[in-house]
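Chemist: See query11.txt below, with compact mmCIF, C-alpha atoms.
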```
# COMPACT_ATOMS: atom_id res chain seq x y z
CA MET A 1 23.01 -11.26 26.98
CA LYS A 2 24.44 -14.70 26.17
CA GLU A 3 26.61 -14.58 29.29
CA ARG A 4 23.52 -13.80 31.35
CA TYR A 5 21.75 -16.87 29.96
CA LYS A 6 24.80 -19.00 30.73
CA LEU A 7 24.80 -17.72 34.30
CA LEU A 8 21.07 -18.45 34.68
CA LEU A 9 21.60 -21.96 33.31
CA ILE A 10 24.46 -22.65 35.73
CA LEU A 11 22.42 -21.31 38.65
CA SER A 12 19.40 -23.39 37.66
CA VAL A 13 21.46 -26.58 37.48
CA PHE A 14 23.09 -25.79 40.83
CA LEU A 15 19.80 -25.03 42.57
CA GLY A 16 18.21 -28.14 41.11
CA ALA A 17 21.11 -30.33 42.20
CA TYR A 18 21.05 -28.75 45.67
CA PHE A 19 17.33 -28.71 46.45
CA VAL A 20 15.55 -31.38 44.36
CA PRO A 21 14.73 -34.39 46.61
CA PHE A 22 16.04 -37.10 44.32
CA LYS A 23 15.46 -39.75 47.00
CA SER A 24 11.72 -39.21 46.68
CA ILE A 25 9.99 -42.05 44.82
CA LYS A 26 7.78 -39.50 43.06
CA ILE A 27 10.77 -37.56 41.74
CA GLN A 28 12.53 -40.77 40.67
CA THR A 29 9.40 -41.93 38.84
CA ALA A 30 9.10 -38.56 37.09
CA LEU A 31 12.76 -38.70 35.99
CA ILE A 32 12.33 -42.22 34.63
CA GLU A 33 9.19 -41.12 32.76
CA SER A 34 11.05 -38.19 31.20
CA PHE A 35 13.77 -40.45 29.79
CA LEU A 36 11.31 -43.14 28.70
CA MET A 37 9.35 -40.47 26.84
CA ILE A 38 12.42 -39.13 25.04
CA GLN A 39 13.39 -42.72 24.15
CA ALA A 40 9.95 -43.24 22.63
CA TYR A 41 10.40 -40.08 20.53
CA ALA A 42 13.85 -41.17 19.40
CA ARG A 43 12.56 -44.60 18.34
CA GLU A 44 9.18 -43.70 16.88
CA HIS A 45 9.31 -40.16 15.55
CA VAL A 46 12.83 -39.05 14.59
CA LEU A 47 14.08 -41.21 11.71
CA LEU A 48 10.87 -41.67 9.70
CA CYS A 49 9.03 -38.48 10.72
CA LEU A 50 11.33 -35.62 11.70
CA VAL A 51 14.29 -36.33 9.41
CA PRO A 52 12.18 -36.32 6.19
CA ALA A 53 10.27 -33.29 7.52
CA PHE A 54 13.55 -31.41 8.07
CA PHE A 55 14.58 -32.11 4.47
CA ILE A 56 11.19 -30.87 3.21
CA ALA A 57 11.42 -27.74 5.37
CA GLY A 58 15.01 -27.17 4.21
CA ALA A 59 13.91 -27.45 0.59
CA ILE A 60 11.08 -24.96 1.17
CA ALA A 61 13.45 -22.49 2.85
CA ASN A 62 16.01 -22.88 0.08
CA PHE A 63 13.90 -23.04 -3.08
CA VAL A 64 10.84 -20.92 -2.19
CA SER A 65 11.74 -17.27 -1.55
CA GLN A 66 10.02 -15.17 1.11
CA GLN A 67 9.60 -12.41 -1.48
CA SER A 68 7.36 -14.68 -3.53
CA VAL A 69 5.01 -14.87 -0.54
CA ILE A 70 5.23 -11.38 0.92
CA LYS A 71 4.77 -9.53 -2.39
CA TYR A 72 1.04 -10.41 -2.26
CA PHE A 73 0.36 -8.48 0.97
CA GLY A 74 0.28 -4.92 -0.37
CA ALA A 75 -2.76 -2.74 0.32
CA LYS A 76 -3.57 -2.58 -3.42
CA THR A 77 -3.20 -6.32 -4.06
CA ASN A 78 -6.28 -8.35 -5.03
CA LYS A 79 -7.88 -9.20 -1.67
CA PHE A 80 -8.82 -12.78 -2.49
CA LEU A 81 -5.26 -13.52 -3.61
CA SER A 82 -3.78 -11.64 -0.66
CA TYR A 83 -5.75 -13.53 1.99
CA SER A 84 -5.29 -16.87 0.22
CA VAL A 85 -1.50 -16.54 0.16
CA ALA A 86 -1.34 -15.16 3.72
CA SER A 87 -3.46 -18.01 5.11
CA VAL A 88 -1.08 -20.73 3.92
CA SER A 89 2.17 -18.83 4.34
CA GLY A 90 3.10 -20.86 7.41
CA THR A 91 3.63 -23.98 5.32
CA ILE A 92 6.30 -22.09 3.40
CA LEU A 93 7.94 -19.98 6.08
CA ALA A 94 8.12 -22.54 8.94
CA VAL A 95 8.54 -20.04 11.78
CA CYS A 96 7.48 -19.76 15.44
CA SER A 97 5.42 -17.05 17.18
CA CYS A 98 8.51 -14.88 17.78
CA THR A 99 10.34 -15.48 14.48
CA ILE A 100 7.27 -14.26 12.56
CA LEU A 101 7.36 -10.85 14.29
CA PRO A 102 10.12 -9.14 12.25
CA LEU A 103 8.43 -10.26 9.02
CA PHE A 104 5.04 -9.04 10.27
CA ALA A 105 6.44 -5.68 11.40
CA GLY A 106 8.24 -5.24 8.08
CA ILE A 107 5.24 -5.89 5.83
CA TYR A 108 2.86 -3.84 8.00
CA LYS A 109 5.13 -0.80 8.21
CA ARG A 110 5.73 -1.00 4.44
CA GLY A 111 2.02 -0.67 3.76
CA ALA A 112 0.38 -4.08 4.03
CA GLY A 113 -3.27 -3.91 5.08
CA ILE A 114 -4.12 -4.86 8.67
CA GLY A 115 -6.22 -7.78 7.35
CA PRO A 116 -3.58 -9.61 5.28
CA ALA A 117 -0.90 -8.65 7.81
CA THR A 118 -2.73 -10.26 10.77
CA THR A 119 -3.73 -13.24 8.62
CA PHE A 120 -0.02 -13.69 7.92
CA LEU A 121 0.84 -13.07 11.60
CA TYR A 122 -1.46 -15.88 12.73
CA SER A 123 -0.86 -18.43 9.96
CA GLY A 124 2.94 -18.16 9.97
CA PRO A 125 3.54 -20.12 13.19
CA ALA A 126 0.10 -21.81 13.34
CA ILE A 127 0.55 -24.02 10.26
CA ASN A 128 4.27 -24.58 10.43
CA VAL A 129 4.73 -27.64 8.20
CA LEU A 130 6.96 -29.40 10.75
CA ALA A 131 4.43 -28.87 13.54
CA ILE A 132 1.50 -30.16 11.48
CA ILE A 133 3.43 -33.30 10.52
CA LEU A 134 4.50 -34.04 14.10
CA THR A 135 1.00 -33.31 15.44
CA ALA A 136 -0.58 -35.82 13.05
CA ARG A 137 2.12 -38.38 13.79
CA VAL A 138 2.11 -38.12 17.60
CA LEU A 139 -1.36 -36.87 18.54
CA GLY A 140 -3.40 -38.48 15.78
CA LEU A 141 -4.37 -37.77 12.19
CA GLU A 142 -7.70 -36.13 13.05
CA LEU A 143 -6.04 -33.63 15.41
CA GLY A 144 -3.34 -32.89 12.82
CA ILE A 145 -5.91 -32.25 10.08
CA ALA A 146 -8.11 -30.18 12.43
CA ARG A 147 -5.08 -28.09 13.39
CA ALA A 148 -4.14 -27.39 9.77
CA LEU A 149 -7.66 -26.65 8.50
CA GLY A 150 -8.60 -24.72 11.64
CA ALA A 151 -5.49 -22.56 11.40
CA ILE A 152 -6.12 -21.70 7.74
CA LEU A 153 -9.77 -20.81 8.42
CA PHE A 154 -8.81 -18.95 11.60
CA SER A 155 -6.24 -16.82 9.87
CA VAL A 156 -8.68 -15.64 7.20
CA VAL A 157 -11.52 -14.95 9.66
CA ILE A 158 -9.17 -13.08 12.01
CA GLY A 159 -7.70 -11.06 9.15
CA LEU A 160 -11.12 -10.15 7.71
CA SER A 161 -12.41 -9.25 11.17
CA MET A 162 -9.44 -6.95 11.79
CA HIS A 163 -9.96 -5.39 8.34
CA PHE A 164 -13.63 -4.56 8.94
CA ILE A 165 -13.20 -3.46 12.58
CA PHE A 166 -10.41 -1.02 11.69
CA TYR A 167 -11.47 -0.24 8.12
CA LYS A 168 -11.69 3.56 8.45
CA GLU A 169 -8.45 3.89 10.36
CA GLU A 170 -6.55 1.60 7.97
CA ARG A 171 -7.97 3.26 4.87
CA GLY A 172 -6.35 6.53 5.89
CA ARG A 173 -3.04 4.80 6.64
CA ASN A 174 -2.88 2.96 3.32
CA THR A 175 -3.89 5.70 0.88
CA ASN A 176 -0.31 6.82 0.31
CA ALA A 177 1.53 3.57 1.01
CA ASP A 178 2.00 0.26 -0.64
CA LEU A 179 4.20 -2.69 0.05
CA VAL A 180 7.50 -2.53 -1.79
CA ILE A 181 9.47 -5.77 -1.93
CA PRO A 182 12.75 -6.20 -3.82
CA GLU A 183 12.34 -8.10 -7.05
CA GLU A 184 12.94 -11.81 -6.66
CA GLU A 185 15.45 -13.65 -8.78
CA LYS A 186 14.30 -15.28 -11.96
CA GLU A 187 13.37 -18.96 -11.61
CA ILE A 188 16.19 -21.20 -12.80
CA ARG A 189 13.92 -24.19 -13.55
CA PRO A 190 10.29 -24.70 -14.59
CA LEU A 191 7.61 -24.73 -11.90
CA TRP A 192 6.55 -28.30 -12.74
CA LYS A 193 10.03 -29.54 -11.81
CA ILE A 194 9.84 -27.86 -8.41
CA VAL A 195 6.33 -29.27 -7.85
CA LEU A 196 7.47 -32.81 -8.78
CA TYR A 197 10.52 -32.48 -6.55
CA PHE A 198 8.37 -31.59 -3.53
CA ALA A 199 5.71 -34.17 -4.41
CA VAL A 200 8.31 -36.98 -4.43
CA MET A 201 9.69 -35.91 -1.04
CA VAL A 202 6.20 -35.71 0.45
CA GLY A 203 5.43 -39.12 -1.04
CA ILE A 204 8.51 -40.63 0.62
CA PHE A 205 7.40 -39.20 3.95
CA ILE A 206 3.80 -40.44 3.59
CA PHE A 207 4.59 -44.01 2.55
CA ALA A 208 7.50 -44.44 4.99
CA ASN A 209 5.03 -43.62 7.79
CA TRP A 210 2.08 -45.57 6.36
CA GLY A 211 0.43 -47.40 9.27
CA ARG A 212 -1.37 -50.73 9.46
CA ASP A 213 -5.19 -50.64 9.30
CA GLU A 214 -6.93 -53.99 9.04
CA SER A 215 -10.38 -52.43 8.54
CA ILE A 216 -9.59 -50.90 5.12
CA ARG A 217 -8.40 -53.38 2.49
CA ILE A 218 -6.72 -50.89 0.15
CA TRP A 219 -4.94 -49.32 3.13
CA GLN A 220 -3.66 -52.75 4.18
CA MET A 221 -2.52 -53.55 0.62
CA ILE A 222 -0.52 -50.33 0.49
CA TYR A 223 0.96 -51.10 3.91
CA LYS A 224 2.33 -54.42 2.60
CA ILE A 225 4.18 -52.74 -0.26
CA LYS A 226 4.96 -49.40 1.37
CA TRP A 227 8.73 -49.97 1.45
CA TYR A 228 8.79 -50.84 -2.28
CA ILE A 229 6.92 -47.59 -3.01
CA THR A 230 9.22 -45.64 -0.67
CA GLY A 231 12.31 -47.13 -2.30
CA THR A 232 11.05 -46.34 -5.79
CA LEU A 233 10.33 -42.74 -4.82
CA LEU A 234 13.77 -42.48 -3.22
CA ILE A 235 15.41 -43.63 -6.48
CA ILE A 236 13.32 -41.06 -8.38
CA LEU A 237 14.41 -38.35 -5.93
CA ILE A 238 18.07 -39.26 -6.42
CA GLY A 239 17.57 -39.03 -10.18
CA ILE A 240 15.87 -35.62 -9.85
CA LEU A 241 18.68 -34.29 -7.66
CA TYR A 242 21.34 -35.59 -10.07
CA LYS A 243 19.68 -34.30 -13.25
CA TRP A 244 18.07 -31.00 -12.20
CA PHE A 245 20.13 -29.56 -9.36
CA GLU A 246 23.62 -28.10 -9.17
CA LYS A 247 26.07 -29.12 -6.46
CA ASN A 248 25.87 -25.70 -4.82
CA GLU A 249 22.07 -25.97 -4.61
CA LEU A 250 22.31 -29.37 -2.92
CA LYS A 251 24.88 -27.93 -0.53
CA TYR A 252 22.58 -25.04 0.41
CA TRP A 253 19.68 -27.49 0.82
CA ALA A 254 21.77 -29.58 3.21
CA VAL A 255 22.81 -26.46 5.12
CA SER A 256 19.16 -25.32 5.43
CA THR A 257 18.10 -28.78 6.59
CA TRP A 258 20.86 -28.90 9.18
CA GLY A 259 19.88 -25.39 10.30
CA PHE A 260 16.35 -26.56 11.09
CA ALA A 261 17.63 -29.69 12.82
CA LYS A 262 20.12 -27.95 15.12
CA GLN A 263 17.63 -25.19 15.92
CA ILE A 264 14.64 -27.43 16.66
CA LEU A 265 15.90 -30.81 17.93
CA PRO A 266 17.55 -29.53 21.15
CA LEU A 267 14.41 -27.54 22.01
CA LEU A 268 12.16 -30.45 21.11
CA PHE A 269 14.11 -32.96 23.21
CA ALA A 270 14.22 -30.48 26.11
CA GLY A 271 10.45 -30.08 25.77
CA VAL A 272 9.99 -33.86 25.73
CA LEU A 273 12.09 -34.23 28.89
CA VAL A 274 10.13 -31.52 30.71
CA ALA A 275 6.77 -32.89 29.53
CA GLY A 276 7.77 -36.40 30.57
CA PHE A 277 8.99 -35.22 33.98
CA LEU A 278 5.83 -33.20 34.73
CA LEU A 279 3.13 -35.20 32.94
CA GLY A 280 4.55 -38.61 32.05
CA ARG A 281 3.73 -40.77 29.06
CA PRO A 282 0.08 -41.47 28.18
CA GLY A 283 -1.26 -43.74 30.91
CA HIS A 284 1.73 -43.16 33.21
CA GLN A 285 1.55 -40.49 35.91
CA ALA A 286 4.62 -38.41 36.71
CA LEU A 287 4.99 -35.33 38.93
CA ILE A 288 1.62 -33.62 38.27
CA PRO A 289 -1.39 -35.71 39.35
CA SER A 290 -3.74 -36.65 36.52
CA GLN A 291 -6.71 -35.46 38.59
CA TRP A 292 -5.47 -31.86 38.30
CA ILE A 293 -5.39 -32.08 34.52
CA GLU A 294 -8.81 -33.70 34.33
CA LYS A 295 -10.27 -31.01 36.58
CA LEU A 296 -8.86 -28.11 34.56
CA VAL A 297 -9.04 -29.30 30.93
CA GLY A 298 -10.85 -32.63 31.02
CA GLY A 299 -14.04 -33.13 29.03
CA ASN A 300 -15.36 -30.59 26.57
CA THR A 301 -16.89 -27.82 28.66
CA PHE A 302 -16.66 -24.13 27.81
CA ARG A 303 -14.51 -23.61 30.91
CA ALA A 304 -12.02 -26.30 29.89
CA ASN A 305 -11.71 -24.98 26.32
CA PHE A 306 -11.47 -21.36 27.46
CA PHE A 307 -8.81 -22.22 30.06
CA ALA A 308 -6.80 -24.11 27.41
CA SER A 309 -7.07 -21.19 24.97
CA VAL A 310 -5.98 -18.56 27.50
CA SER A 311 -3.17 -20.76 28.83
CA GLY A 312 -1.93 -21.42 25.30
CA ALA A 313 -2.10 -17.73 24.40
CA LEU A 314 0.04 -16.72 27.40
CA MET A 315 2.62 -19.53 27.19
CA TYR A 316 5.63 -19.49 24.86
CA PHE A 317 6.12 -22.64 22.81
CA ALA A 318 9.40 -23.11 20.99
CA THR A 319 8.81 -24.75 17.60
CA LEU A 320 7.30 -28.26 18.02
CA THR A 321 7.50 -28.30 21.82
CA GLU A 322 3.71 -27.95 22.10
CA VAL A 323 3.37 -31.51 20.73
CA PRO A 324 5.09 -33.45 23.56
CA ILE A 325 3.47 -31.15 26.13
CA LEU A 326 0.04 -31.92 24.70
CA GLN A 327 0.88 -35.61 24.46
CA GLY A 328 1.50 -35.60 28.20
CA LEU A 329 -1.62 -33.55 28.92
CA ILE A 330 -3.85 -35.81 26.80
CA GLY A 331 -2.36 -38.86 28.49
CA SER A 332 -3.20 -37.28 31.86
CA GLY A 333 -6.85 -36.67 30.98
CA MET A 334 -7.04 -33.57 28.76
CA GLY A 335 -10.01 -33.61 26.37
CA LYS A 336 -9.55 -33.48 22.60
CA GLY A 337 -11.46 -30.20 22.36
CA PRO A 338 -9.22 -28.30 24.80
CA ALA A 339 -6.20 -29.91 23.10
CA LEU A 340 -7.19 -28.37 19.77
CA ALA A 341 -8.00 -25.06 21.49
CA LEU A 342 -4.48 -24.93 22.92
CA LEU A 343 -2.96 -25.89 19.55
CA LEU A 344 -4.85 -23.10 17.79
CA ALA A 345 -4.10 -20.41 20.38
CA GLY A 346 -0.66 -21.43 21.64
CA PRO A 347 1.81 -21.42 18.75
CA ALA A 348 0.41 -18.15 17.32
CA LEU A 349 0.52 -16.18 20.58
CA SER A 350 2.69 -15.78 23.66
CA LEU A 351 3.23 -13.04 26.22
CA PRO A 352 6.50 -11.82 24.59
CA ASN A 353 4.77 -12.02 21.20
CA MET A 354 1.88 -9.83 22.43
CA LEU A 355 4.24 -7.12 23.67
CA VAL A 356 5.98 -6.87 20.31
CA ILE A 357 2.69 -6.86 18.37
CA ARG A 358 1.50 -3.97 20.57
CA SER A 359 4.59 -1.95 19.63
CA VAL A 360 3.79 -2.45 15.93
CA ILE A 361 0.00 -1.97 15.68
CA GLY A 362 -0.92 -0.42 19.03
CA ALA A 363 -2.69 -1.64 22.17
CA LYS A 364 -6.26 -1.52 20.82
CA LYS A 365 -5.60 -3.61 17.72
CA THR A 366 -3.45 -6.04 19.70
CA LEU A 367 -6.21 -6.57 22.27
CA ILE A 368 -8.79 -7.23 19.54
CA TYR A 369 -6.41 -9.65 17.82
CA ILE A 370 -5.83 -11.57 21.07
CA LEU A 371 -9.55 -11.72 21.85
CA LEU A 372 -10.31 -13.03 18.35
CA VAL A 373 -7.72 -15.80 18.70
CA VAL A 374 -8.87 -16.86 22.19
CA VAL A 375 -12.60 -16.78 21.39
CA MET A 376 -12.24 -18.67 18.11
CA ALA A 377 -9.91 -21.24 19.65
CA THR A 378 -12.38 -21.82 22.50
CA PHE A 379 -15.40 -22.45 20.28
CA SER A 380 -13.39 -24.45 17.72
CA GLY A 381 -12.23 -26.71 20.54
CA MET A 382 -15.81 -27.22 21.69
CA ILE A 383 -16.98 -28.11 18.18
CA PHE A 384 -14.07 -30.52 17.65
CA GLY A 385 -14.62 -32.11 21.05
CA THR A 386 -18.28 -32.67 20.24
CA LEU A 387 -17.48 -34.30 16.89
CA PHE A 388 -14.62 -36.48 18.11
```
Give the structure from this file in structure tokens form.

Modeler:
Amino acid sequence: MKERYKLLLILSVFLGAYFVPFKSIKIQTALIESFLMIQAYAREHVLLCLVPAFFIAGAIANFVSQQSVIKYFGAKTNKFLSYSVASVSGTILAVCSCTILPLFAGIYKRGAGIGPATTFLYSGPAINVLAIILTARVLGLELGIARALGAILFSVVIGLSMHFIFYKEERGRNTNADLVIPEEEKEIRPLWKIVLYFAVMVGIFIFANWGRDESIRIWQMIYKIKWYITGTLLIILIGILYKWFEKNELKYWAVSTWGFAKQILPLLFAGVLVAGFLLGRPGHQALIPSQWIEKLVGGNTFRANFFASVSGALMYFATLTEVPILQGLIGSGMGKGPALALLLAGPALSLPNMLVIRSVIGAKKTLIYILLVVVMATFSGMIFGTLF
């Protein structure tokens, strides 16, 4: 399989080199835009945004076990607790729409109810902590918050809807089954230490990225001293790591962080290059005319939001690549409502994802799940577009 991909890559490069009219001013402009866009990402979003986010994600992957999340999804588990944990699981698991599938298949086949299982299926990739951070940083705080809150609410509504629609069928399936998860290892340090450890890292990220806002005095005061606060928190973090963590734990944390970086950064930069080549930076047109974007997803009409939802549901987004693509689309005239609709439908669904879900829960349940995601994304986009 890997050799096939290598062959396809070589053929793609050859065909591009052979046929692309590089002498065309339009192509040259698009190429320049792609590299200017990736330069902007490197300068504005990598060191202060992505690097701290990778360390946070690495810490989550290393110090929060999947068993501690998945054990709440059994058919006999308290429903309020089950849906609550499932709806925020994406902040812990940090996976994409395809990586979530083995976990979803495992918990469903072991006896998890269709409600918690589909809540987990949606929330896993939808509220990936890295994606939320980059969305707020690149596309704006209000879109980042709307994505996070919308995804949490979505996941619960979708899960409850699936539960009630298929209640009789699922009741028969779950009478003799319950989710069995291997016992997790005993915690080696108190919970408050883990909470403080994460709080300090999040604090470093927040204050390092604190922006200037002349309209709010307290905000401006914090901006003036943000590097003192960041430095203080960094010293505290060093002390925490020295006092509370073993060398092996720090090694595993570094390995997990590097794992996220090497998995995501190449895909992200490739996505930025493609988005820059096709759409350009905000205010700069590249290969695709801005009029096309405005016609399809401009404004806040039902058609624009529905088109964005369906397009997002069918497309495959590698982790974080939806952000530069949306940055280009918004810069070319996409409305904020359709942007949110695509963010809510895209990362949680894709055509390959749909095919695998169908093999796990059947065609009927898969179709209902897809319809719920698309319809809710469409109307959420319209509401957001009206408010902002």

Chemist: Pick the closest to Leu296 (chain A) from A:Val255, A:Phe54, A:Ala339, A:Leu273: which is it, counting all atoms listed in the file?

Modeler: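 Under the stated criterion, the closest residue is A:Ala339.
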
Chemist: Would you mind listing, for every residue of region 34-63 of chain A within 12 Å of region 138-147 of chain A, the two atoms forming the shortest contact and the distance between them in Å to one decimal, using all atoms listed in the file, sorted by chain and ascending residue number, as a tab-separated table?

Modeler:
```
residue	atom	partner	partner_atom	distance
A:Met37	CA	A:Val138	CA	12.0
A:Ala40	CA	A:Val138	CA	10.6
A:Tyr41	CA	A:Val138	CA	9.0
A:Glu44	CA	A:Val138	CA	9.0
A:His45	CA	A:Val138	CA	7.8
A:Val46	CA	A:Val138	CA	11.2
A:Cys49	CA	A:Val138	CA	9.8
A:Leu50	CA	A:Val138	CA	11.2
```

Chemist: Would you output that residue set with C-alpha atoms, as a PDB file, keeping the file's coordinate frame?

Modeler:
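Output file selection-v4.pdb is given in full below:
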```
ATOM      1  CA  MET A  37       9.350 -40.470  26.840  1.00  0.00           C
ATOM      2  CA  ALA A  40       9.950 -43.240  22.630  1.00  0.00           C
ATOM      3  CA  TYR A  41      10.400 -40.080  20.530  1.00  0.00           C
ATOM      4  CA  GLU A  44       9.180 -43.700  16.880  1.00  0.00           C
ATOM      5  CA  HIS A  45       9.310 -40.160  15.550  1.00  0.00           C
ATOM      6  CA  VAL A  46      12.830 -39.050  14.590  1.00  0.00           C
ATOM      7  CA  CYS A  49       9.030 -38.480  10.720  1.00  0.00           C
ATOM      8  CA  LEU A  50      11.330 -35.620  11.700  1.00  0.00           C
TER       9      LEU A  50
END
```

Chemist: Report as a CSV table (one decimal) with C-alpha atoms, keeping the file's coordinate frame all protein, DNA and RNA residues lying within 12 Å of Leu237 (chain A), evaluated on all atoms listed in the file, omitting residues in the same chain fewer than 2 positions from it.

Modeler:
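Contents of out-v6.csv, freshly written:
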```
chain,number,residue,atom,x,y,z
A,193,LYS,CA,10.0,-29.5,-11.8
A,194,ILE,CA,9.8,-27.9,-8.4
A,196,LEU,CA,7.5,-32.8,-8.8
A,197,TYR,CA,10.5,-32.5,-6.6
A,198,PHE,CA,8.4,-31.6,-3.5
A,199,ALA,CA,5.7,-34.2,-4.4
A,200,VAL,CA,8.3,-37.0,-4.4
A,201,MET,CA,9.7,-35.9,-1.0
A,202,VAL,CA,6.2,-35.7,0.4
A,203,GLY,CA,5.4,-39.1,-1.0
A,204,ILE,CA,8.5,-40.6,0.6
A,230,THR,CA,9.2,-45.6,-0.7
A,231,GLY,CA,12.3,-47.1,-2.3
A,232,THR,CA,11.0,-46.3,-5.8
A,233,LEU,CA,10.3,-42.7,-4.8
A,234,LEU,CA,13.8,-42.5,-3.2
A,235,ILE,CA,15.4,-43.6,-6.5
A,239,GLY,CA,17.6,-39.0,-10.2
A,240,ILE,CA,15.9,-35.6,-9.8
A,241,LEU,CA,18.7,-34.3,-7.7
A,242,TYR,CA,21.3,-35.6,-10.1
A,243,LYS,CA,19.7,-34.3,-13.2
A,244,TRP,CA,18.1,-31.0,-12.2
A,245,PHE,CA,20.1,-29.6,-9.4
```

Chemist: Contacts of Ile132 (chain A) at 7 Å or less, counting only C-alpha atoms, minus same-chain residues fewer than 4 places along, as a list of chain:residue names?

Modeler: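 Result of the neighbour search: A:Ile127, A:Asn128, A:Ala136, A:Gly144, A:Ala148.
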
Chemist: Using only C-alpha atoms for the distances, tell me which of A:Lys365, A:Val85, A:Ala105, A:Ala53 is nearest to Val129 (chain A).

Modeler: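 The shortest atom-to-atom distance to Val129 (chain A) comes from A:Ala53.
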
Chemist: Once you count all atoms listed in the file, which residues end up no further than 12 Å from (-18.9, -36.1, 19.8) in the file's frame, shown as a ChimeraX atom specification?

Modeler: /A:299-300,335-337,381-388

Chemist: Pick from A:Ile56, A:Leu314, A:Val51, A:Leu153: nearest to Asn353 (chain A), with only C-alpha atoms counted?

Modeler: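 Between A:Ile56, A:Leu314, A:Val51, A:Leu153, the residue approaching Asn353 (chain A) most closely is A:Leu314.
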
Chemist: Would you mind telling me which residue in A:Pro324, A:Pro352, A:Gly111, A:Pro282 lies nearest to Arg137 (chain A) when using only C-alpha atoms?

Modeler: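 Among A:Pro324, A:Pro352, A:Gly111, A:Pro282, it is A:Pro324 that comes nearest to Arg137 (chain A).
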
Chemist: Between CA of Val374 (chain A) and CA of Tyr316 (chain A), measure the distance and give it in Å to one decimal.

Modeler: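 The value is 15.0 Å.
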